[in-house]
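Everything below belongs to my_file_28.txt, which stores compact mmCIF, C-alpha atoms.
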# COMPACT_ATOMS: atom_id res chain seq x y z
CA MET E 1 18.14 14.57 -13.22
CA ARG E 2 16.13 13.01 -10.44
CA ASN E 3 14.44 15.18 -7.88
CA ASN E 4 16.20 15.45 -4.54
CA LEU E 5 13.07 14.51 -2.64
CA ILE E 6 12.82 11.31 -4.67
CA LEU E 7 16.46 10.52 -3.99
CA ALA E 8 15.86 11.12 -0.29
CA ALA E 9 12.82 8.84 -0.35
CA GLU E 10 14.81 6.09 -2.02
CA LYS E 11 17.76 6.38 0.27
CA SER E 12 16.49 4.11 3.02
CA SER E 13 15.81 1.40 0.44
CA LEU E 14 19.34 1.43 -0.89
CA ARG E 15 22.18 -0.68 0.44
CA GLU E 16 24.50 0.98 2.90
CA GLN E 17 27.39 -0.88 1.34
CA PRO E 18 26.96 -1.17 -2.40
CA LEU E 19 27.47 -4.60 -3.92
CA GLN E 20 30.83 -4.88 -5.59
CA PHE E 21 30.61 -6.61 -8.91
CA ALA E 22 30.95 -5.84 -12.59
CA VAL E 23 29.61 -7.15 -15.86
CA GLY E 24 31.53 -10.27 -16.85
CA ASP E 25 32.14 -11.41 -13.28
CA SER E 26 31.37 -14.98 -12.30
CA VAL E 27 29.36 -14.63 -9.13
CA ASP E 28 27.49 -16.53 -6.45
CA VAL E 29 24.32 -14.63 -5.55
CA HIS E 30 23.16 -15.47 -2.03
CA THR E 31 19.43 -14.93 -1.76
CA ARG E 32 17.25 -15.33 1.28
CA ILE E 33 14.39 -17.75 0.72
CA LEU E 34 11.49 -18.11 3.11
CA GLU E 35 10.48 -21.75 3.50
CA GLY E 36 7.43 -21.88 5.71
CA THR E 37 8.72 -19.89 8.62
CA LYS E 38 12.38 -20.74 8.23
CA GLU E 39 14.72 -18.61 6.26
CA ARG E 40 17.55 -20.13 4.33
CA ILE E 41 20.10 -19.00 1.80
CA GLN E 42 19.89 -20.09 -1.80
CA ILE E 43 22.82 -19.61 -4.12
CA PHE E 44 22.55 -18.83 -7.79
CA SER E 45 25.87 -18.82 -9.57
CA GLY E 46 26.66 -17.68 -13.06
CA VAL E 47 28.04 -14.84 -15.14
CA VAL E 48 26.77 -11.27 -14.80
CA ILE E 49 25.74 -10.35 -18.33
CA ALA E 50 23.97 -7.05 -17.73
CA ARG E 51 23.44 -4.37 -15.17
CA SER E 52 20.77 -1.73 -15.69
CA GLY E 53 18.76 0.95 -13.99
CA THR E 54 19.52 3.34 -11.18
CA GLY E 55 18.45 3.84 -7.61
CA THR E 56 16.01 1.33 -6.19
CA SER E 57 15.20 -0.03 -9.63
CA GLU E 58 18.77 -1.05 -10.43
CA SER E 59 19.01 -4.70 -11.39
CA PHE E 60 21.42 -7.19 -12.87
CA THR E 61 21.14 -10.38 -14.89
CA VAL E 62 23.02 -13.57 -14.13
CA ARG E 63 23.30 -16.30 -16.75
CA ARG E 64 24.27 -19.89 -16.23
CA ILE E 65 23.90 -23.18 -18.03
CA VAL E 66 21.75 -25.81 -16.29
CA GLN E 67 21.71 -29.25 -17.92
CA GLY E 68 22.56 -27.81 -21.27
CA GLU E 69 19.84 -25.18 -21.01
CA GLY E 70 20.68 -21.52 -20.57
CA VAL E 71 19.02 -19.98 -17.49
CA GLU E 72 18.96 -16.28 -16.74
CA ARG E 73 17.77 -14.66 -13.58
CA ASN E 74 17.30 -10.98 -12.83
CA PHE E 75 18.00 -9.64 -9.38
CA PRO E 76 17.27 -6.19 -7.97
CA VAL E 77 20.59 -4.87 -6.71
CA ASN E 78 19.13 -3.29 -3.59
CA SER E 79 16.75 -6.04 -2.56
CA PRO E 80 17.13 -7.02 1.09
CA LYS E 81 16.47 -10.57 -0.11
CA ILE E 82 19.98 -10.66 -1.51
CA SER E 83 22.31 -11.21 1.42
CA HIS E 84 25.51 -10.82 -0.49
CA ILE E 85 27.33 -11.55 -3.71
CA GLU E 86 30.53 -13.51 -3.94
CA VAL E 87 32.68 -12.68 -6.91
CA LYS E 88 34.48 -15.83 -8.01
CA ARG E 89 36.30 -14.51 -11.02
CA HIS E 90 36.71 -11.29 -12.94
CA ALA E 91 36.75 -11.27 -16.70
CA ARG E 92 37.94 -8.87 -19.34
CA VAL E 93 34.89 -7.73 -21.29
CA ARG E 94 34.59 -5.01 -23.89
CA ARG E 95 30.91 -4.20 -23.61
CA ALA E 96 28.34 -3.38 -20.95
CA LYS E 97 25.83 -6.06 -21.98
CA LEU E 98 27.04 -9.57 -22.78
CA PHE E 99 23.93 -10.66 -24.64
CA TYR E 100 26.13 -12.22 -27.30
CA LEU E 101 26.77 -15.07 -24.86
CA ARG E 102 23.21 -16.24 -25.47
CA GLU E 103 24.08 -17.30 -28.97
CA ARG E 104 27.13 -19.20 -27.91
CA THR E 105 27.57 -22.59 -26.28
CA GLY E 106 30.39 -24.55 -24.76
CA LYS E 107 33.89 -23.25 -25.19
CA ALA E 108 32.75 -20.13 -27.03
CA THR E 109 31.19 -18.75 -23.85
CA ARG E 110 34.52 -18.53 -22.08
CA LEU E 111 35.61 -15.07 -20.97
CA LYS E 112 39.20 -14.05 -20.51
CA GLU E 113 40.10 -13.72 -16.87
CA ARG E 114 41.61 -10.54 -15.53
CA LYS E 115 43.11 -9.55 -12.23
CA ALA E 116 41.00 -7.72 -9.67
CA LYS E 117 41.30 -3.98 -9.78
CA PRO E 118 42.56 -2.36 -6.56
CA TRP E 119 39.05 -1.20 -5.63
CA GLU E 120 37.53 -4.61 -6.24
CA VAL E 121 39.04 -6.28 -3.21
CA GLN E 122 36.26 -8.39 -1.73
CA VAL E 123 34.79 -7.38 1.58
CA SER E 124 34.88 -10.62 3.54
CA ASP E 125 31.18 -10.59 4.39
CA SER E 126 29.08 -7.58 3.60
CA THR E 127 26.31 -6.48 5.93
CA LYS E 128 22.99 -8.30 5.75
CA MET G 1 -8.65 15.88 11.89
CA SER G 2 -10.87 16.28 8.92
CA VAL G 3 -8.62 18.86 7.31
CA GLY G 4 -6.47 17.56 4.47
CA LEU G 5 -3.29 18.92 2.97
CA LEU G 6 -2.26 20.55 -0.27
CA GLY G 7 0.86 19.48 -2.04
CA ARG G 8 2.81 18.86 -5.16
CA LYS G 9 3.36 15.58 -6.94
CA ILE G 10 7.11 15.10 -7.19
CA GLY G 11 7.24 11.81 -9.05
CA MET G 12 7.21 8.08 -8.69
CA THR G 13 9.80 5.60 -7.49
CA GLN G 14 9.87 2.33 -5.62
CA VAL G 15 10.94 1.48 -2.09
CA TYR G 16 11.27 -1.70 -0.05
CA ASP G 17 8.90 -2.30 2.83
CA ALA G 18 9.74 -4.12 6.05
CA ASP G 19 9.22 -7.53 4.42
CA GLY G 20 11.61 -6.76 1.59
CA VAL G 21 8.79 -6.43 -0.91
CA ILE G 22 9.15 -3.61 -3.39
CA VAL G 23 6.34 -1.03 -3.29
CA PRO G 24 5.62 1.46 -6.09
CA VAL G 25 5.15 4.87 -4.51
CA THR G 26 4.39 8.44 -5.48
CA VAL G 27 6.39 11.10 -3.70
CA ILE G 28 4.20 14.04 -2.65
CA GLU G 29 5.53 17.21 -1.09
CA ALA G 30 2.63 18.11 1.19
CA GLY G 31 3.36 21.34 2.90
CA PRO G 32 4.03 23.74 4.38
CA CYS G 33 0.34 24.60 4.12
CA VAL G 34 -0.86 27.82 5.75
CA VAL G 35 -4.35 28.28 7.11
CA LEU G 36 -5.52 31.41 5.30
CA GLN G 37 -9.07 31.69 6.55
CA VAL G 38 -11.42 29.94 8.92
CA ARG G 39 -15.02 29.89 7.77
CA SER G 40 -17.65 29.74 10.46
CA LYS G 41 -21.33 28.96 10.51
CA GLU G 42 -22.21 32.38 11.90
CA LYS G 43 -20.25 34.40 9.37
CA ASP G 44 -20.17 32.29 6.22
CA GLY G 45 -23.02 29.84 6.71
CA TYR G 46 -20.74 26.81 6.85
CA ASP G 47 -17.67 25.60 8.70
CA ALA G 48 -14.49 25.15 6.70
CA VAL G 49 -10.78 25.79 6.76
CA GLN G 50 -9.08 27.49 3.85
CA VAL G 51 -5.52 26.36 3.22
CA GLY G 52 -2.87 27.72 0.87
CA PHE G 53 0.24 26.09 -0.57
CA ASP G 54 3.22 27.30 -2.62
CA ASP G 55 4.17 30.98 -2.77
CA ARG G 56 3.19 33.25 -5.61
CA PRO G 57 5.71 36.08 -6.08
CA ARG G 58 4.30 39.31 -4.72
CA GLY G 59 4.90 41.07 -7.99
CA LYS G 60 2.75 38.54 -9.80
CA ALA G 61 0.00 38.35 -7.20
CA SER G 62 -2.94 40.70 -7.51
CA ARG G 63 -3.70 43.23 -4.82
CA ALA G 64 -6.64 41.11 -3.73
CA GLN G 65 -4.42 38.06 -3.39
CA ARG G 66 -1.90 40.00 -1.35
CA GLY G 67 -4.59 41.49 0.81
CA HIS G 68 -6.06 38.06 1.44
CA VAL G 69 -2.97 36.83 3.24
CA ALA G 70 -1.69 40.00 4.89
CA ALA G 71 -2.96 43.41 5.86
CA LEU G 72 -2.08 45.96 3.18
CA GLY G 73 -2.71 48.99 5.31
CA GLY G 74 -5.18 50.46 2.83
CA ARG G 75 -7.77 53.00 3.86
CA ARG G 76 -10.74 50.67 3.53
CA GLN G 77 -9.14 48.03 5.74
CA GLN G 78 -8.34 50.59 8.40
CA SER G 79 -11.90 51.79 8.53
CA GLY G 80 -13.47 48.33 8.84
CA ALA G 81 -13.13 45.80 11.61
CA ALA G 82 -9.75 44.11 11.70
CA VAL G 83 -9.82 40.65 10.07
CA ALA G 84 -7.33 38.00 11.08
CA LYS G 85 -4.71 37.48 8.37
CA ALA G 86 -2.23 34.67 7.95
CA GLU G 87 0.66 37.15 7.48
CA CYS G 88 2.40 35.06 4.85
CA GLU G 89 3.37 35.26 1.18
CA PRO G 90 0.50 35.09 -1.36
CA LYS G 91 -0.34 31.48 -2.23
CA ARG G 92 -0.75 29.91 -5.64
CA PHE G 93 -2.85 26.92 -4.65
CA ILE G 94 -5.76 27.58 -2.30
CA ARG G 95 -8.47 25.11 -1.30
CA GLU G 96 -11.09 24.80 1.40
CA PHE G 97 -11.79 21.76 3.52
CA ARG G 98 -15.32 21.50 4.85
CA CYS G 99 -15.64 20.70 8.53
CA ALA G 100 -18.66 19.33 10.36
CA ASP G 101 -18.39 22.02 13.02
CA SER G 102 -15.90 24.53 14.39
CA SER G 103 -14.09 21.98 16.58
CA HIS G 104 -11.11 21.61 14.20
CA GLY G 105 -9.10 23.90 16.48
CA LEU G 106 -7.17 25.59 13.68
CA GLN G 107 -6.24 29.24 13.65
CA VAL G 108 -5.50 31.60 10.79
CA GLY G 109 -1.75 31.63 10.13
CA GLN G 110 -1.19 28.14 11.46
CA VAL G 111 1.22 26.09 9.35
CA LEU G 112 0.23 22.51 8.57
CA GLY G 113 2.47 19.67 7.49
CA PRO G 114 2.27 15.90 7.22
CA ALA G 115 2.04 15.79 11.00
CA ALA G 116 -1.61 16.72 10.50
CA LEU G 117 -2.15 13.24 9.04
CA GLU G 118 -0.97 11.43 12.13
CA GLY G 119 -2.63 8.07 12.55
CA VAL G 120 -3.98 8.07 9.01
CA LYS G 121 -3.25 4.93 7.03
CA PHE G 122 -5.19 5.49 3.82
CA LEU G 123 -5.50 8.63 1.75
CA ASP G 124 -7.55 10.03 -1.08
CA VAL G 125 -5.54 12.10 -3.52
CA ILE G 126 -7.21 14.62 -5.82
CA GLY G 127 -5.37 15.97 -8.83
CA THR G 128 -5.85 17.34 -12.31
CA THR G 129 -4.97 14.90 -15.06
CA ARG G 130 -2.71 15.78 -17.95
CA GLY G 131 -4.66 17.58 -20.66
CA HIS G 132 -4.66 15.89 -24.07
CA GLY G 133 -6.82 18.49 -25.79
CA PHE G 134 -9.60 17.54 -28.19
CA THR G 135 -8.97 13.91 -29.08
CA GLY G 136 -10.70 11.36 -31.24
CA VAL G 137 -12.48 8.27 -29.96
CA MET G 138 -9.50 5.99 -30.51
CA VAL G 139 -7.41 7.91 -28.00
CA ARG G 140 -10.20 8.95 -25.66
CA HIS G 141 -12.26 5.78 -25.42
CA ASN G 142 -9.92 3.11 -26.82
CA PHE G 143 -12.14 2.49 -29.84
CA GLY G 144 -10.65 0.26 -32.48
CA GLY G 145 -11.30 2.48 -35.47
CA LEU G 146 -12.38 1.13 -38.83
CA GLY G 147 -10.45 -1.09 -41.17
CA ALA G 148 -7.33 -0.03 -42.97
CA SER G 149 -8.63 -1.44 -46.24
CA HIS G 150 -11.64 -3.38 -47.61
CA GLY G 151 -13.12 -0.22 -49.08
CA VAL G 152 -12.78 2.04 -46.03
CA LYS G 153 -12.12 5.56 -47.22
CA ARG G 154 -10.96 8.55 -45.12
CA VAL G 155 -12.70 7.29 -41.97
CA HIS G 156 -10.06 4.92 -40.57
CA ARG G 157 -10.12 6.52 -37.11
CA SER G 158 -13.82 7.35 -36.92
CA PRO G 159 -16.19 5.87 -34.33
CA GLY G 160 -18.56 4.22 -36.81
CA SER G 161 -22.20 4.08 -35.81
CA ILE G 162 -23.34 6.19 -32.87
CA GLY G 163 -26.82 4.74 -32.58
CA GLN G 164 -29.98 3.51 -34.28
CA SER G 165 -32.19 5.04 -37.00
CA ALA G 166 -35.70 6.55 -37.14
CA ASP G 167 -36.42 4.98 -33.80
CA PRO G 168 -35.26 6.64 -31.54
CA SER G 169 -34.19 9.41 -33.97
CA ARG G 170 -31.68 10.77 -31.51
CA VAL G 171 -28.31 10.05 -30.00
CA PHE G 172 -28.45 8.79 -26.47
CA PRO G 173 -26.84 11.00 -23.83
CA GLY G 174 -23.48 9.70 -22.72
CA THR G 175 -22.58 8.20 -26.08
CA LYS G 176 -18.80 7.97 -26.34
CA MET G 177 -17.56 10.49 -28.87
CA ALA G 178 -14.55 12.67 -29.58
CA GLY G 179 -13.92 15.61 -27.26
CA GLN G 180 -11.73 17.06 -24.54
CA TYR G 181 -9.60 14.39 -22.91
CA GLY G 182 -7.75 14.97 -19.68
CA ASN G 183 -7.31 18.18 -17.70
CA GLU G 184 -10.08 17.10 -15.37
CA ARG G 185 -10.26 16.67 -11.65
CA VAL G 186 -9.77 13.06 -10.61
CA THR G 187 -9.91 11.55 -7.13
CA VAL G 188 -7.95 8.39 -6.44
CA LYS G 189 -9.29 6.71 -3.35
CA ASN G 190 -7.76 4.43 -0.74
CA LEU G 191 -4.07 4.92 -1.41
CA ARG G 192 -1.98 3.45 1.36
CA LEU G 193 0.29 5.90 3.16
CA VAL G 194 3.66 4.16 3.07
CA ARG G 195 5.89 6.66 4.79
CA VAL G 196 5.80 10.17 6.23
CA ASP G 197 8.77 12.50 6.60
CA ASN G 198 7.84 15.49 8.73
CA ASP G 199 11.16 17.27 8.22
CA SER G 200 10.91 17.55 4.46
CA ASN G 201 7.07 17.47 4.32
CA VAL G 202 7.18 14.37 2.16
CA LEU G 203 4.49 11.70 1.88
CA LEU G 204 5.05 8.38 0.15
CA VAL G 205 1.77 7.05 -1.17
CA ARG G 206 1.38 3.62 -2.68
CA GLY G 207 0.37 3.74 -6.33
CA ALA G 208 -0.15 6.42 -8.92
CA VAL G 209 -1.63 9.89 -8.52
CA PRO G 210 -3.29 11.97 -11.25
CA GLY G 211 -1.40 14.76 -12.99
CA PRO G 212 2.11 15.51 -14.17
CA ASN G 213 5.14 15.71 -11.91
CA GLY G 214 5.04 19.14 -10.29
CA GLY G 215 1.25 19.26 -10.46
CA TYR G 216 -0.80 20.32 -7.46
CA VAL G 217 -2.72 17.70 -5.51
CA VAL G 218 -5.10 17.67 -2.58
CA VAL G 219 -4.40 14.98 0.01
CA ARG G 220 -7.05 14.03 2.50
CA ARG G 221 -7.86 11.23 4.84
CA SER G 222 -9.59 8.45 2.98
CA ALA G 223 -13.32 8.97 3.01
CA LYS G 224 -14.13 5.27 2.95
CA ASN G 225 -11.21 3.42 4.48
CA ARG G 226 -10.70 4.86 7.93
CA SER G 227 -9.17 1.87 9.65
Mind turning the file's structure into structure tokens?
Amino acid sequence: MRNNLILAAEKSSLREQPLQFAVGDSVDVHTRILEGTKERIQIFSGVVIARSGTGTSESFTVRRIVQGEGVERNFPVNSPKISHIEVKRHARVRRAKLFYLRERTGKATRLKERKAKPWEVQVSDSTK
Amino acid sequence: MSVGLLGRKIGMTQVYDADGVIVPVTVIEAGPCVVLQVRSKEKDGYDAVQVGFDDRPRGKASRAQRGHVAALGGRRQQSGAAVAKAECEPKRFIREFRCADSSHGLQVGQVLGPAALEGVKFLDVIGTTRGHGFTGVMVRHNFGGLGASHGVKRVHRSPGSIGQSADPSRVFPGTKMAGQYGNERVTVKNLRLVRVDNDSNVLLVRGAVPGPNGGYVVVRRSAKNRS
């Protein structure tokens, strides 16, 4: 159990609207990138294979295949650098961590699609 | 301004700063601190402010501790000159802060909080480290120990040589050996003050602070970095 004062200290660093996604989802992660003085949005798309941690240290891992090479990237859930996440597709998965996808290639990495749950309806564009 | 605060280390977490960079912080509950006594040059030979933090139950406090914070109404007190008392619960954690002169403007009974650190950007935090008891050199000084084999017998975790031979015929002072590790006062200097919450008496300080969660710490304005 975390101390209430710690939770209060973390509160301002947490998102007002939590990101809506689940393990197994195919997502587009929109991250803010600072190029010189200009800010632009970079998109990293792939499958969410893990979500771990709580509070400000919560993070998730997105895996994709780039030119035949598996690439994974970890994002902090509450980072202000992540503008929003677009969920492209939900998938039926039976475990919390999909590390078994690392050993698979090609057709074996497919996940079975499922319908969105009632609470997973996408907010058109979440805040910041 | 020279008076610091007493507090309790709550624990560590991480928060985002204005640039979206994550900052590791220690949460310190610093206050309410009560001024228990004001030392003066005339009376005590030096100027200082004595501050107390965290209540000790009256049943557990000694009569002296109770009498230090509030008048007990005993016969001896009635006969002597009345001394200003803070009129508060007995305190568990009491420290003095030396002052250059009596211009600190604090009165006995005054309650201090993080507001006392207004304008301060860097802090020194003093705490007592976790006690490890009497430990060997491998734990205490990161020695490597001796080999696991090649004829080493029963001395795998020993320090090995601690010096020379007939000359100098003694062990030099300060030689690293086994002994008490931890449970000592440690000052961490120049910790950046990330955030202050006056309502809940909470300070967020960048970096780690000595001691376990729940341990008492002394927070003062950085002695070196006063920008």
At most 7 Å to chain E: residues in chain G, all atoms listed in the file, as number ranges by chain: G: 14-16, 20, 27
Written file, previous selection with C-alpha atoms, as an mmCIF file, in the frame of the given file:
data_model
loop_
_atom_site.group_PDB
_atom_site.id
_atom_site.type_symbol
_atom_site.label_atom_id
_atom_site.label_comp_id
_atom_site.auth_asym_id
_atom_site.auth_seq_id
_atom_site.Cartn_x
_atom_site.Cartn_y
_atom_site.Cartn_z
ATOM 1 C CA GLN G 14 9.870 2.330 -5.620
ATOM 2 C CA VAL G 15 10.940 1.480 -2.090
ATOM 3 C CA TYR G 16 11.270 -1.700 -0.050
ATOM 4 C CA GLY G 20 11.610 -6.760 1.590
ATOM 5 C CA VAL G 27 6.390 11.100 -3.700
#
Point-to-point distance from atom CA of G:Ala178 to atom CA of G:Gly133, Å rounded to tenths: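 Distance reported for this atom pair: 10.4 Å.
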Distance query 12 Å from (22.3, -26.4, -22.1) using all atoms listed in the file, result as a PyMOL selection string: chain E and resi 63-72+102-106+109
Atom-to-atom span, atom CA of G:Thr128 and atom CA of G:Gly11, Å: 14.6 Å
Atom CA of G:Lys60 to atom CA of G:Cys88, distance in Å rounded to a single decimal: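 Atom CA of G:Lys60 sits 15.1 Å away from atom CA of G:Cys88.
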Got a sec: who's within 6 Å of E:Asp25, counting only C-alpha atoms, leaving out chain neighbours fewer than 6 positions off, as a compact mmCIF listing (two decimals) with C-alpha atoms, in the frame of the given file?
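Output below, filename result.txt:
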# COMPACT_ATOMS: atom_id res chain seq x y z
CA VAL E 47 28.04 -14.84 -15.14
CA VAL E 48 26.77 -11.27 -14.80
CA ARG E 89 36.30 -14.51 -11.02
CA HIS E 90 36.71 -11.29 -12.94
CA ALA E 91 36.75 -11.27 -16.70
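If you count all atoms listed in the file and ignore residues fewer than 6 places along the chain from E:Ile33, what sits within 10 Å of it is E:Glu39, E:Arg40, E:Ile41, E:Gln42, E:Ile43, E:Lys81, E:Ile82.
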Shell around G:Glu29 at 9 Å using only C-alpha atoms, local window under 6 positions removed, as a PyMOL selection string: (chain E and resi 5) or (chain G and resi 6-10+200-204)
Spatial neighbours of stretch 41-53 of chain G, 7 Å, all atoms listed in the file, chain gap at least 5 places, as a PyMOL selection string: chain G and resi 6-7+31-36+91-102
Could those selected residues go to a file with C-alpha atoms, as a CSV table (one decimal), in the frame of the given file?
chain,number,residue,atom,x,y,z
G,6,LEU,CA,-2.3,20.6,-0.3
G,7,GLY,CA,0.9,19.5,-2.0
G,31,GLY,CA,3.4,21.3,2.9
G,32,PRO,CA,4.0,23.7,4.4
G,33,CYS,CA,0.3,24.6,4.1
G,34,VAL,CA,-0.9,27.8,5.8
G,35,VAL,CA,-4.4,28.3,7.1
G,36,LEU,CA,-5.5,31.4,5.3
G,91,LYS,CA,-0.3,31.5,-2.2
G,92,ARG,CA,-0.8,29.9,-5.6
G,93,PHE,CA,-2.8,26.9,-4.6
G,94,ILE,CA,-5.8,27.6,-2.3
G,95,ARG,CA,-8.5,25.1,-1.3
G,96,GLU,CA,-11.1,24.8,1.4
G,97,PHE,CA,-11.8,21.8,3.5
G,98,ARG,CA,-15.3,21.5,4.8
G,99,CYS,CA,-15.6,20.7,8.5
G,100,ALA,CA,-18.7,19.3,10.4
G,101,ASP,CA,-18.4,22.0,13.0
G,102,SER,CA,-15.9,24.5,14.4
Selected residue of minimal separation from G:His156 among G:Arg192, G:Val137, G:Arg170, G:Arg63, counting all atoms listed in the file: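 For G:His156, the nearest of the given residues is G:Val137.
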Box along x, y and z, 4 Å on every side, all listed atoms of stretch 116-126 of chain G inside: centre and edge lengths in Å to one decimal, as AutoDock Vina command-line options.
--center_x -4.3 --center_y 10.8 --center_z 3.4 --size_x 14.6 --size_y 19.8 --size_z 26.4
Near-G:Val83 list (10 Å; all atoms listed in the file; drop same-chain fewer than 4 positions) as a VMD selection string: chain G and resid 37 68 70 to 71 77
E:Val62, E:Phe21, E:Val77, E:Ser45 ranked by distance to E:Leu101, top pick (using only C-alpha atoms):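 Looking only at the distances to E:Leu101, the closest residue turns out to be E:Val62.
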